[in-house]
$ cat query_21.json   # JSON, C-alpha atoms
[["chain", "number", "residue", "atom", "x", "y", "z"],
["A", 395, "MET", "CA", 131.82, 96.18, 55.11],
["A", 396, "LEU", "CA", 130.02, 96.49, 51.80],
["A", 397, "PRO", "CA", 130.01, 100.08, 50.50],
["A", 398, "TRP", "CA", 126.23, 100.47, 50.48],
["A", 399, "GLN", "CA", 125.98, 99.41, 54.13],
["A", 400, "LYS", "CA", 127.89, 102.32, 55.64],
["A", 401, "ALA", "CA", 124.80, 104.41, 56.43],
["A", 402, "ALA", "CA", 123.12, 101.43, 58.12],
["A", 403, "TRP", "CA", 126.31, 100.73, 60.07],
["A", 404, "ASP", "CA", 126.39, 104.32, 61.27],
["A", 405, "ARG", "CA", 122.73, 104.05, 62.35],
["A", 406, "VAL", "CA", 123.65, 101.22, 64.70],
["A", 407, "GLY", "CA", 125.63, 103.83, 66.64],
["A", 408, "ASP", "CA", 126.81, 103.17, 70.17],
["A", 409, "ILE", "CA", 126.65, 99.43, 70.81],
["A", 410, "GLU", "CA", 126.08, 100.14, 74.50],
["A", 411, "ARG", "CA", 122.63, 101.33, 73.45],
["A", 412, "LEU", "CA", 121.98, 98.54, 70.97],
["A", 413, "PRO", "CA", 118.68, 96.70, 71.60],
["A", 414, "HIS", "CA", 119.06, 93.15, 72.84],
["A", 415, "ALA", "CA", 117.09, 91.83, 69.81],
["A", 416, "LEU", "CA", 117.67, 93.16, 66.29],
["A", 417, "LEU", "CA", 115.93, 92.02, 63.11],
["A", 418, "LEU", "CA", 118.05, 92.63, 60.00],
["A", 419, "SER", "CA", 115.84, 92.45, 56.93],
["A", 420, "GLY", "CA", 115.92, 93.34, 53.24],
["A", 421, "PRO", "CA", 115.93, 91.65, 49.83],
["A", 422, "PRO", "CA", 118.14, 88.60, 49.22],
["A", 423, "GLY", "CA", 121.64, 89.03, 47.86],
["A", 424, "ILE", "CA", 122.49, 92.42, 49.38],
["A", 425, "GLY", "CA", 124.78, 91.25, 52.21],
["A", 426, "LYS", "CA", 122.55, 91.10, 55.30],
["A", 427, "ARG", "CA", 124.41, 88.15, 56.74],
["A", 428, "LEU", "CA", 127.80, 89.83, 56.20],
["A", 429, "PHE", "CA", 126.49, 92.91, 58.01],
["A", 430, "ALA", "CA", 125.21, 90.77, 60.90],
["A", 431, "GLU", "CA", 128.48, 88.87, 61.18],
["A", 432, "ARG", "CA", 130.40, 92.13, 61.35],
["A", 433, "LEU", "CA", 128.03, 93.47, 64.00],
["A", 434, "ALA", "CA", 128.54, 90.27, 66.02],
["A", 435, "ARG", "CA", 132.32, 90.82, 65.78],
["A", 436, "ARG", "CA", 131.85, 94.40, 66.94],
["A", 437, "LEU", "CA", 129.95, 93.21, 70.01],
["A", 438, "VAL", "CA", 132.77, 90.89, 71.08],
["A", 439, "CYS", "CA", 135.71, 92.94, 69.75],
["A", 440, "GLU", "CA", 138.29, 93.92, 72.35],
["A", 441, "HIS", "CA", 138.00, 97.50, 71.07],
["A", 442, "THR", "CA", 134.23, 97.39, 70.32],
["A", 443, "THR", "CA", 134.94, 98.47, 66.73],
["A", 444, "ALA", "CA", 135.11, 95.19, 64.74],
["A", 445, "CYS", "CA", 138.80, 96.00, 64.24],
["A", 446, "ASP", "CA", 139.48, 92.63, 62.53],
["A", 447, "ALA", "CA", 142.90, 92.60, 64.21],
["A", 448, "CYS", "CA", 142.31, 91.56, 67.82],
["A", 449, "ARG", "CA", 142.08, 87.95, 68.91],
["A", 450, "ALA", "CA", 138.32, 88.19, 69.44],
["A", 451, "CYS", "CA", 137.72, 89.44, 65.91],
["A", 452, "ARG", "CA", 139.92, 86.75, 64.41],
["A", 453, "LEU", "CA", 138.11, 84.03, 66.36],
["A", 454, "ALA", "CA", 134.69, 85.39, 65.38],
["A", 455, "ALA", "CA", 135.69, 85.69, 61.72],
["A", 456, "ASN", "CA", 136.51, 81.96, 61.75],
["A", 457, "ASP", "CA", 133.31, 81.02, 63.64],
["A", 458, "ASN", "CA", 135.43, 79.99, 66.62],
["A", 459, "HIS", "CA", 134.56, 82.64, 69.21],
["A", 460, "PRO", "CA", 133.08, 80.92, 72.29],
["A", 461, "ASP", "CA", 130.67, 83.81, 72.90],
["A", 462, "VAL", "CA", 129.20, 83.91, 69.39],
["A", 463, "LEU", "CA", 126.71, 81.27, 68.23],
["A", 464, "ILE", "CA", 125.45, 81.00, 64.66],
["A", 465, "VAL", "CA", 122.11, 79.23, 64.22],
["A", 466, "ARG", "CA", 120.91, 78.09, 60.79],
["A", 467, "PRO", "CA", 118.97, 75.14, 59.35],
["A", 468, "GLN", "CA", 121.10, 72.06, 59.87],
["A", 469, "GLU", "CA", 122.46, 70.24, 56.85],
["A", 470, "GLY", "CA", 119.72, 68.31, 55.11],
["A", 471, "LYS", "CA", 116.93, 70.27, 56.81],
["A", 472, "THR", "CA", 114.87, 73.19, 55.59],
["A", 473, "GLU", "CA", 113.79, 74.47, 59.01],
["A", 474, "ILE", "CA", 115.34, 75.69, 62.24],
["A", 475, "THR", "CA", 113.98, 73.25, 64.79],
["A", 476, "VAL", "CA", 113.03, 73.48, 68.44],
["A", 477, "ASP", "CA", 116.26, 71.66, 69.36],
["A", 478, "ASP", "CA", 118.23, 74.46, 67.66],
["A", 479, "ALA", "CA", 116.20, 77.04, 69.59],
["A", 480, "ARG", "CA", 116.78, 75.26, 72.89],
["A", 481, "ALA", "CA", 120.53, 75.20, 72.23],
["A", 482, "LEU", "CA", 120.31, 78.94, 71.54],
["A", 483, "ASN", "CA", 118.51, 79.55, 74.84],
["A", 484, "GLN", "CA", 121.01, 77.45, 76.78],
["A", 485, "PHE", "CA", 123.88, 79.35, 75.18],
["A", 486, "LEU", "CA", 122.48, 82.71, 76.27],
["A", 487, "VAL", "CA", 122.25, 81.82, 79.96],
["A", 488, "LEU", "CA", 125.95, 80.96, 80.19],
["A", 489, "THR", "CA", 128.52, 83.46, 81.43],
["A", 490, "PRO", "CA", 130.70, 84.90, 78.62],
["A", 491, "HIS", "CA", 134.11, 83.25, 78.25],
["A", 492, "LEU", "CA", 136.26, 85.89, 76.55],
["A", 493, "ALA", "CA", 134.00, 88.85, 75.86],
["A", 494, "THR", "CA", 131.60, 90.78, 78.07],
["A", 495, "ARG", "CA", 128.65, 89.80, 75.90],
["A", 496, "ARG", "CA", 127.10, 86.73, 74.29],
["A", 497, "VAL", "CA", 125.79, 87.02, 70.75],
["A", 498, "VAL", "CA", 123.50, 84.72, 68.78],
["A", 499, "LEU", "CA", 123.14, 85.18, 65.03],
["A", 500, "VAL", "CA", 120.12, 83.42, 63.49],
["A", 501, "VAL", "CA", 120.57, 83.05, 59.73],
["A", 502, "ASP", "CA", 117.39, 82.63, 57.65],
["A", 503, "ALA", "CA", 115.29, 83.37, 60.72],
["A", 504, "ASP", "CA", 112.09, 83.05, 58.66],
["A", 505, "ARG", "CA", 112.81, 79.30, 58.59],
["A", 506, "LEU", "CA", 112.10, 78.96, 62.29],
["A", 507, "ASN", "CA", 109.35, 76.39, 62.65],
["A", 508, "ARG", "CA", 106.44, 77.00, 65.02],
["A", 509, "SER", "CA", 107.98, 75.21, 68.02],
["A", 510, "ALA", "CA", 111.35, 76.93, 67.55],
["A", 511, "SER", "CA", 109.63, 80.31, 67.19],
["A", 512, "ASN", "CA", 107.76, 79.82, 70.43],
["A", 513, "ALA", "CA", 110.95, 78.81, 72.24],
["A", 514, "ILE", "CA", 112.78, 81.92, 71.03],
["A", 515, "LEU", "CA", 109.77, 84.11, 71.80],
["A", 516, "LYS", "CA", 109.93, 83.01, 75.42],
["A", 517, "THR", "CA", 113.55, 84.17, 75.59],
["A", 518, "LEU", "CA", 112.62, 87.51, 74.00],
["A", 519, "GLU", "CA", 109.82, 87.98, 76.53],
["A", 520, "GLU", "CA", 111.88, 86.84, 79.52],
["A", 521, "PRO", "CA", 115.62, 87.41, 78.89],
["A", 522, "PRO", "CA", 117.98, 85.41, 81.13],
["A", 523, "SER", "CA", 117.98, 86.89, 84.61],
["A", 524, "GLY", "CA", 120.83, 89.31, 85.25],
["A", 525, "SER", "CA", 122.10, 89.18, 81.69],
["A", 526, "TYR", "CA", 119.65, 91.39, 79.81],
["A", 527, "LEU", "CA", 122.33, 93.81, 78.67],
["A", 528, "LEU", "CA", 124.89, 91.07, 78.03],
["A", 529, "CYS", "CA", 122.94, 88.98, 75.51],
["A", 530, "TYR", "CA", 122.21, 89.97, 71.93],
["A", 531, "LEU", "CA", 120.02, 88.19, 69.40],
["A", 532, "LEU", "CA", 120.55, 89.11, 65.72],
["A", 533, "LEU", "CA", 117.90, 87.72, 63.37],
["A", 534, "VAL", "CA", 118.56, 87.84, 59.63],
["A", 535, "SER", "CA", 115.68, 87.40, 57.21],
["A", 536, "ASP", "CA", 114.78, 87.89, 53.54],
["A", 537, "ALA", "CA", 111.10, 87.49, 54.44],
["A", 538, "PRO", "CA", 110.45, 88.95, 57.92],
["A", 539, "THR", "CA", 106.66, 88.71, 57.51],
["A", 540, "ARG", "CA", 107.04, 84.93, 57.84],
["A", 541, "LEU", "CA", 108.21, 85.41, 61.42],
["A", 542, "LEU", "CA", 105.65, 85.39, 64.21],
["A", 543, "PRO", "CA", 104.25, 88.92, 64.66],
["A", 544, "THR", "CA", 105.09, 88.64, 68.35],
["A", 545, "ILE", "CA", 108.76, 88.00, 67.49],
["A", 546, "ARG", "CA", 108.85, 90.96, 65.12],
["A", 547, "SER", "CA", 107.26, 93.22, 67.70],
["A", 548, "ARG", "CA", 109.96, 92.40, 70.25],
["A", 549, "CYS", "CA", 112.83, 93.17, 67.87],
["A", 550, "GLN", "CA", 114.07, 96.47, 66.56],
["A", 551, "ASN", "CA", 113.93, 96.23, 62.78],
["A", 552, "LEU", "CA", 116.89, 97.45, 60.74],
["A", 553, "ILE", "CA", 116.08, 97.34, 57.02],
["A", 554, "LEU", "CA", 119.27, 97.08, 55.00],
["A", 555, "PRO", "CA", 119.19, 98.87, 51.64],
["A", 556, "ARG", "CA", 119.63, 97.58, 48.15],
["A", 557, "PRO", "CA", 122.69, 99.30, 46.59],
["A", 558, "THR", "CA", 122.28, 101.91, 43.92],
["A", 559, "GLU", "CA", 122.93, 100.74, 40.37],
["A", 560, "GLU", "CA", 126.31, 102.53, 40.43],
["A", 561, "GLU", "CA", 127.31, 100.83, 43.70],
["A", 562, "GLY", "CA", 126.22, 97.42, 42.44],
["A", 563, "LEU", "CA", 128.04, 97.79, 39.14],
["A", 564, "SER", "CA", 131.20, 99.02, 40.83],
["A", 565, "TYR", "CA", 131.17, 96.04, 43.19],
["A", 566, "LEU", "CA", 130.74, 93.51, 40.37],
["A", 567, "GLN", "CA", 133.30, 95.26, 38.14],
["A", 568, "ALA", "CA", 135.83, 94.91, 40.96],
["A", 569, "HIS", "CA", 135.36, 91.15, 40.63],
["A", 570, "GLN", "CA", 136.20, 91.44, 36.90],
["A", 571, "LEU", "CA", 132.99, 89.83, 35.66],
["A", 572, "PRO", "CA", 132.43, 89.84, 31.89],
["A", 573, "ASP", "CA", 128.86, 91.23, 31.95],
["A", 574, "PRO", "CA", 128.32, 92.99, 35.30],
["A", 575, "GLY", "CA", 125.40, 95.04, 34.00],
["A", 576, "GLY", "CA", 123.55, 92.00, 32.70],
["A", 577, "LEU", "CA", 124.16, 90.03, 35.89],
["A", 578, "LEU", "CA", 123.05, 92.91, 38.11],
["A", 579, "ALA", "CA", 119.87, 93.47, 36.10],
["A", 580, "LEU", "CA", 119.02, 89.77, 36.22],
["A", 581, "ALA", "CA", 119.58, 89.77, 39.99],
["A", 582, "HIS", "CA", 117.28, 92.79, 40.42],
["A", 583, "GLY", "CA", 120.11, 94.91, 41.76],
["A", 584, "ALA", "CA", 121.38, 92.37, 44.33],
["A", 585, "PRO", "CA", 125.18, 92.11, 43.76],
["A", 586, "LEU", "CA", 125.86, 89.07, 45.96],
["A", 587, "ARG", "CA", 123.10, 87.17, 44.23],
["A", 588, "ALA", "CA", 124.62, 88.11, 40.87],
["A", 589, "LEU", "CA", 128.08, 87.10, 42.06],
["A", 590, "ALA", "CA", 126.85, 83.59, 42.83],
["A", 591, "TRP", "CA", 125.64, 83.00, 39.28],
["A", 592, "PRO", "CA", 127.78, 81.73, 36.38],
["A", 593, "HIS", "CA", 129.17, 84.41, 34.08],
["A", 594, "ASP", "CA", 126.96, 83.31, 31.19],
["A", 595, "ALA", "CA", 123.76, 83.70, 33.24],
["A", 596, "PRO", "CA", 122.42, 86.71, 31.25],
["A", 597, "ALA", "CA", 122.93, 84.86, 27.96],
["A", 598, "MET", "CA", 121.24, 81.77, 29.35],
["A", 599, "ALA", "CA", 118.26, 83.82, 30.54],
["A", 600, "GLN", "CA", 117.93, 85.39, 27.09],
["A", 601, "ARG", "CA", 118.01, 81.98, 25.38],
["A", 602, "LEU", "CA", 115.29, 80.75, 27.73],
["A", 603, "PHE", "CA", 113.22, 83.85, 27.04],
["A", 604, "ALA", "CA", 113.62, 83.22, 23.31],
["A", 605, "SER", "CA", 112.48, 79.60, 23.72],
["A", 606, "LEU", "CA", 109.35, 80.69, 25.56],
["A", 607, "GLU", "CA", 108.60, 83.22, 22.82],
["A", 608, "ALA", "CA", 109.09, 80.60, 20.11],
["A", 609, "VAL", "CA", 106.66, 78.20, 21.80],
["A", 610, "ALA", "CA", 104.10, 80.92, 22.59],
["A", 611, "LEU", "CA", 104.16, 82.15, 18.97],
["A", 612, "GLY", "CA", 103.85, 78.62, 17.60],
["A", 613, "ARG", "CA", 107.28, 78.61, 15.94],
["A", 614, "ASP", "CA", 108.40, 75.69, 18.13],
["A", 615, "SER", "CA", 106.46, 73.03, 20.00],
["A", 616, "ALA", "CA", 106.96, 72.32, 23.69],
["A", 617, "LEU", "CA", 108.71, 69.10, 22.64],
["A", 618, "GLU", "CA", 111.16, 70.99, 20.42],
["A", 619, "ALA", "CA", 111.96, 73.47, 23.21],
["A", 620, "THR", "CA", 112.49, 70.56, 25.58],
["A", 621, "GLU", "CA", 115.02, 69.02, 23.19],
["A", 622, "ALA", "CA", 117.04, 72.23, 23.36],
["A", 623, "TRP", "CA", 116.94, 72.50, 27.16],
["A", 624, "GLN", "CA", 116.95, 68.95, 28.56],
["A", 625, "ALA", "CA", 120.75, 68.89, 28.96],
["A", 626, "SER", "CA", 120.96, 72.37, 30.50],
["A", 627, "ASP", "CA", 121.52, 73.30, 34.14],
["A", 628, "MET", "CA", 117.96, 72.85, 35.35],
["A", 629, "GLU", "CA", 118.42, 74.58, 38.68],
["A", 630, "MET", "CA", 119.66, 77.73, 36.97],
["A", 631, "GLY", "CA", 117.10, 77.46, 34.20],
["A", 632, "LEU", "CA", 114.26, 77.19, 36.70],
["A", 633, "ALA", "CA", 115.55, 80.22, 38.59],
["A", 634, "PHE", "CA", 115.38, 82.28, 35.39],
["A", 635, "LEU", "CA", 112.07, 80.76, 34.32],
["A", 636, "THR", "CA", 110.55, 81.78, 37.64],
["A", 637, "GLU", "CA", 111.83, 85.34, 37.15],
["A", 638, "ILE", "CA", 110.46, 85.52, 33.59],
["A", 639, "ALA", "CA", 107.05, 84.14, 34.62],
["A", 640, "ALA", "CA", 106.85, 86.62, 37.49],
["A", 641, "ALA", "CA", 107.81, 89.53, 35.24],
["A", 642, "VAL", "CA", 105.27, 88.60, 32.55],
["A", 643, "THR", "CA", 102.53, 88.19, 35.15],
["A", 644, "GLN", "CA", 103.38, 91.60, 36.63],
["A", 645, "VAL", "CA", 103.03, 93.20, 33.20],
["A", 646, "ALA", "CA", 99.67, 91.52, 32.65],
["A", 647, "LEU", "CA", 98.25, 92.48, 36.04],
["A", 648, "THR", "CA", 99.73, 95.95, 36.60],
["A", 649, "GLY", "CA", 101.20, 97.09, 33.29],
["A", 650, "THR", "CA", 104.52, 97.78, 35.05],
["A", 651, "ILE", "CA", 107.95, 96.33, 34.28],
["A", 652, "ALA", "CA", 109.90, 94.58, 37.03],
["A", 653, "ARG", "CA", 113.38, 95.82, 37.87],
["A", 654, "GLY", "CA", 115.95, 94.15, 35.67],
["A", 655, "TRP", "CA", 113.64, 93.89, 32.65],
["A", 656, "GLN", "CA", 113.50, 97.52, 31.53],
["A", 657, "GLY", "CA", 114.87, 98.78, 28.25],
["A", 658, "ALA", "CA", 115.13, 96.35, 25.38],
["A", 659, "GLN", "CA", 113.23, 93.65, 27.28],
["A", 660, "GLU", "CA", 110.11, 95.74, 27.88],
["A", 661, "GLY", "CA", 108.60, 95.24, 24.43],
["A", 662, "ARG", "CA", 109.27, 91.50, 24.51],
["A", 663, "LEU", "CA", 107.66, 91.14, 27.94],
["A", 664, "ARG", "CA", 104.57, 93.05, 26.85],
["A", 665, "ALA", "CA", 104.30, 90.97, 23.67],
["A", 666, "LEU", "CA", 104.55, 87.72, 25.64],
["A", 667, "ALA", "CA", 102.02, 88.97, 28.20],
["A", 668, "ALA", "CA", 99.61, 89.82, 25.38],
["A", 669, "ARG", "CA", 100.08, 86.38, 23.82],
["A", 670, "LEU", "CA", 99.40, 84.35, 27.00],
["A", 671, "ASP", "CA", 96.30, 84.37, 29.14],
["A", 672, "LEU", "CA", 96.52, 84.74, 32.91],
["A", 673, "GLU", "CA", 95.90, 81.04, 33.49],
["A", 674, "GLN", "CA", 98.92, 80.17, 31.33],
["A", 675, "MET", "CA", 101.17, 82.69, 33.09],
["A", 676, "LEU", "CA", 100.20, 81.62, 36.57],
["A", 677, "GLY", "CA", 100.41, 77.96, 35.56],
["A", 678, "LEU", "CA", 103.98, 78.46, 34.29],
["A", 679, "TRP", "CA", 104.95, 80.32, 37.45],
["A", 680, "ASP", "CA", 103.44, 77.69, 39.77],
["A", 681, "GLU", "CA", 104.96, 74.84, 37.73],
["A", 682, "ALA", "CA", 108.41, 76.44, 37.89],
["A", 683, "LEU", "CA", 108.19, 76.94, 41.65],
["A", 684, "GLU", "CA", 106.93, 73.40, 42.21],
["A", 685, "THR", "CA", 109.61, 71.91, 39.98],
["A", 686, "ARG", "CA", 112.36, 73.75, 41.87],
["A", 687, "GLY", "CA", 111.21, 71.92, 44.98],
["A", 688, "LEU", "CA", 111.50, 68.56, 43.21],
["A", 689, "LEU", "CA", 115.03, 68.92, 41.85],
["A", 690, "SER", "CA", 116.50, 66.58, 44.46],
["A", 691, "ALA", "CA", 114.08, 63.82, 43.44],
["A", 692, "PRO", "CA", 115.13, 61.26, 40.76],
["A", 693, "LEU", "CA", 112.63, 62.57, 38.20],
["A", 694, "ASP", "CA", 112.94, 62.71, 34.40],
["A", 695, "ARG", "CA", 114.36, 66.15, 33.53],
["A", 696, "ARG", "CA", 112.97, 65.87, 30.02],
["A", 697, "LEU", "CA", 109.46, 65.41, 31.37],
["A", 698, "MET", "CA", 109.94, 68.38, 33.71],
["A", 699, "TRP", "CA", 110.93, 70.71, 30.88],
["A", 700, "ASP", "CA", 108.11, 69.45, 28.68],
["A", 701, "ARG", "CA", 105.51, 70.18, 31.37],
["A", 702, "LEU", "CA", 106.89, 73.71, 31.74],
["A", 703, "PHE", "CA", 106.87, 74.58, 28.05],
["A", 704, "LEU", "CA", 103.38, 73.12, 27.60],
["A", 705, "HIS", "CA", 102.02, 76.01, 29.67],
["A", 706, "VAL", "CA", 102.85, 78.50, 26.93],
["A", 707, "GLU", "CA", 101.79, 76.56, 23.85],
["A", 708, "PRO", "CA", 99.06, 78.35, 21.85],
["A", 709, "ARG", "CA", 95.53, 77.32, 22.74],
["A", 710, "GLY", "CA", 92.69, 76.55, 20.36]]
$ encode --input "query_21.json" --output "C-alpha cells"
Amino acid sequence: MLPWQKAAWDRVGDIERLPHALLLSGPPGIGKRLFAERLARRLVCEHTTACDACRACRLAANDNHPDVLIVRPQEGKTEITVDDARALNQFLVLTPHLATRRVVLVVDADRLNRSASNAILKTLEEPPSGSYLLCYLLLVSDAPTRLLPTIRSRCQNLILPRPTEEEGLSYLQAHQLPDPGGLLALAHGAPLRALAWPHDAPAMAQRLFASLEAVALGRDSALEATEAWQASDMEMGLAFLTEIAAAVTQVALTGTIARGWQGAQEGRLRALAARLDLEQMLGLWDEALETRGLLSAPLDRRLMWDRLFLHVEPRG
C-alpha cells in the first residue's frame, strides 16, 4: 500500500459492511488502481486482510484469481464497450470458485460508453438475485463526472488523496531519481505520474518553456523553434506544452499560479500571460490537445510543431 493511502484504507473498515458498489476517484497518478487492486485482494483473501501470502492473494496479484475480473478498454480501443459490460454482468451471476465473493474492478470507468454504462447501471439497480452481498463492483476513475449521474448515485464514493509534498518526495527519492522535486512539481504532486516520466523531464519542460518565451518575445520565429524541437519526443513535449498552456491561461483568467509552477516560474508565467492575448493562449491549448490525439496518424511532425509555435508569435 502506498504510504498516503493508509487513512483511506482504514476508512474502508470492515469489508463485511463494504457497499456492493464503490467508486474510487481522485487525480491521476496517485495510485487509485493500486488501491483498488489491493482492496480486490482483500475481498478474496483467505484471511480477509490482503495478506499477500495466501494462495488467493497470489492468484489475484497475478490477475489469475477466478473470482476477480478486471475490465478496461481493450487493446486498440479507447472505450469500454457494451460487450465488456455484458461479460462483467455474466461474471457476477456465477457462483464463486475459490472465494466467497466475486469482485469486478473497472479501470478507467469514465471510458464506459453509453451502451456499456446502461448495461452496468441495470446491474447496479438490480443486483443478481441471491448474491447481493457476494458481488462487489469497484470503479476507478480520474474523471468521475464523466460517469452517468445515475451510476455515481448508486456507488459510494471514496476520494483518494493526493500525497503531501513530503510523502511524494520521499516516495520518489526511494526510487533514486535525479530530480525528484522537479518531477513531482511537474506532475502536480502525483508521484506515479512523475515516476512514469523520463528523468530529464523537468529540463525538457524548461527548454520548451524557454522556446515559447523566445517566440512570444520575437527573439525566435515559429520556424526557428520548430527546427529545435522537430526531432524531440513529441508525445512528451505535447504533454508539457499542454501543462504550460493551461498554467498560462489560469494566470490570465484568475491571477493564480497552478501547482507545480510556483517559485521561480511564477514571474515567467505572468510575463508570458501578459505577452499573449487570451485567443493565443486558448488556441495553443486547443492545438496541443488536438495534436495529442493525432500522434498515431502519419502526419509531418515538423508541421505539427510549426502550427503550435505559430500561436505565440507576436501579432501586428
$ closest_residue --input "query_21.json" --among "A:Val406, A:Leu611, A:Ala503, A:Ala640" --to "Leu666 in chain A" --atoms "only C-alpha atoms"
A:Leu611
$ atom_distance --input "query_21.json" --atom1 "CA of Asp671 in chain A" --atom2 "CA of Thr636 in chain A"
16.8 Å
$ atom_distance --input "query_21.json" --atom1 "CA of Ile553 in chain A" --atom2 "CA of Leu571 in chain A"
28.3 Å
$ residues_around --input "query_21.json" --residues "range 586-593 of chain A" --least-positions-apart "2" --cutoff "10 Å" --atoms "all atoms listed in the file" --output "ChimeraX atom specification"
/A:422-425,562,565-566,569,571-584,595-598,630
$ residues_around --input "query_21.json" --residues "Thr620 in chain A" --least-positions-apart "5" --cutoff "8 Å" --atoms "all atoms listed in the file" --output "ChimeraX atom specification"
/A:696,699-700,703
$ closest_residue --input "query_21.json" --among "A:Val609, A:Asp477, A:His491, A:Leu482" --to "Asn507 in chain A" --atoms "only C-alpha atoms"
A:Asp477
$ residues_around --input "query_21.json" --residues "range 614-618 of chain A" --least-positions-apart "4" --cutoff "12 Å" --atoms "only C-alpha atoms" --output "list of chain:residue names"
A:Ala604, A:Ser605, A:Leu606, A:Glu607, A:Ala608, A:Val609, A:Ala610, A:Ala622, A:Trp623, A:Gln624, A:Arg696, A:Leu697, A:Met698, A:Trp699, A:Asp700, A:Arg701, A:Leu702, A:Phe703, A:Leu704, A:His705, A:Val706, A:Glu707, A:Pro708
$ closest_residue --input "query_21.json" --among "A:Cys451, A:Lys516, A:Gly470, A:Leu528" --to "Thr489 in chain A" --atoms "all atoms listed in the file"
A:Leu528
$ closest_residue --input "query_21.json" --among "A:Arg540, A:Arg449, A:Arg480, A:Lys471" --to "Leu492 in chain A" --atoms "all atoms listed in the file"
A:Arg449
$ closest_residue --input "query_21.json" --among "A:Glu660, A:Glu559, A:Glu629, A:Asp594" --to "Leu683 in chain A" --atoms "all atoms listed in the file"
A:Glu629
$ atom_distance --input "query_21.json" --atom1 "CA of Ala619 in chain A" --atom2 "CA of Glu684 in chain A"
19.7 Å
$ decode --input "query_21.json" --residues "range 419-434 of chain A" --atoms "N, CA and C atoms" --output "mmCIF file, in the first residue's frame"
data_model
loop_
_atom_site.group_PDB
_atom_site.id
_atom_site.type_symbol
_atom_site.label_atom_id
_atom_site.label_comp_id
_atom_site.auth_asym_id
_atom_site.auth_seq_id
_atom_site.Cartn_x
_atom_site.Cartn_y
_atom_site.Cartn_z
ATOM 1 N N SER A 419 -12.146 7.566 -6.697
ATOM 2 C CA SER A 419 -11.824 8.687 -7.566
ATOM 3 C C SER A 419 -10.700 9.525 -6.974
ATOM 4 N N GLY A 420 -10.188 10.449 -7.785
ATOM 5 C CA GLY A 420 -9.079 11.297 -7.377
ATOM 6 C C GLY A 420 -8.245 11.646 -8.589
ATOM 7 N N PRO A 421 -7.264 12.533 -8.440
ATOM 8 C CA PRO A 421 -6.451 12.948 -9.586
ATOM 9 C C PRO A 421 -5.609 11.799 -10.124
ATOM 10 N N PRO A 422 -5.197 11.879 -11.391
ATOM 11 C CA PRO A 422 -4.363 10.819 -11.967
ATOM 12 C C PRO A 422 -2.990 10.769 -11.323
ATOM 13 N N GLY A 423 -2.416 9.564 -11.306
ATOM 14 C CA GLY A 423 -1.043 9.409 -10.850
ATOM 15 C C GLY A 423 -0.846 9.303 -9.356
ATOM 16 N N ILE A 424 -1.928 9.043 -8.591
ATOM 17 C CA ILE A 424 -1.776 8.943 -7.137
ATOM 18 C C ILE A 424 -1.940 7.513 -6.629
ATOM 19 N N GLY A 425 -2.235 6.553 -7.525
ATOM 20 C CA GLY A 425 -2.292 5.155 -7.113
ATOM 21 C C GLY A 425 -3.678 4.613 -6.853
ATOM 22 N N LYS A 426 -4.690 5.147 -7.516
ATOM 23 C CA LYS A 426 -6.065 4.656 -7.300
ATOM 24 C C LYS A 426 -6.205 3.192 -7.714
ATOM 25 N N ARG A 427 -5.619 2.856 -8.849
ATOM 26 C CA ARG A 427 -5.745 1.480 -9.318
ATOM 27 C C ARG A 427 -5.037 0.513 -8.351
ATOM 28 N N LEU A 428 -3.867 0.886 -7.861
ATOM 29 C CA LEU A 428 -3.161 0.028 -6.904
ATOM 30 C C LEU A 428 -4.012 -0.192 -5.653
ATOM 31 N N PHE A 429 -4.671 0.873 -5.202
ATOM 32 C CA PHE A 429 -5.548 0.764 -4.030
ATOM 33 C C PHE A 429 -6.693 -0.199 -4.332
ATOM 34 N N ALA A 430 -7.309 -0.049 -5.503
ATOM 35 C CA ALA A 430 -8.438 -0.906 -5.876
ATOM 36 C C ALA A 430 -8.019 -2.362 -6.008
ATOM 37 N N GLU A 431 -6.850 -2.595 -6.582
ATOM 38 C CA GLU A 431 -6.362 -3.970 -6.724
ATOM 39 C C GLU A 431 -6.120 -4.604 -5.359
ATOM 40 N N ARG A 432 -5.598 -3.818 -4.429
ATOM 41 C CA ARG A 432 -5.370 -4.345 -3.085
ATOM 42 C C ARG A 432 -6.699 -4.625 -2.382
ATOM 43 N N LEU A 433 -7.678 -3.752 -2.589
ATOM 44 C CA LEU A 433 -8.990 -3.980 -1.996
ATOM 45 C C LEU A 433 -9.635 -5.236 -2.581
ATOM 46 N N ALA A 434 -9.462 -5.454 -3.886
ATOM 47 C CA ALA A 434 -9.984 -6.676 -4.508
ATOM 48 C C ALA A 434 -9.329 -7.903 -3.885
#
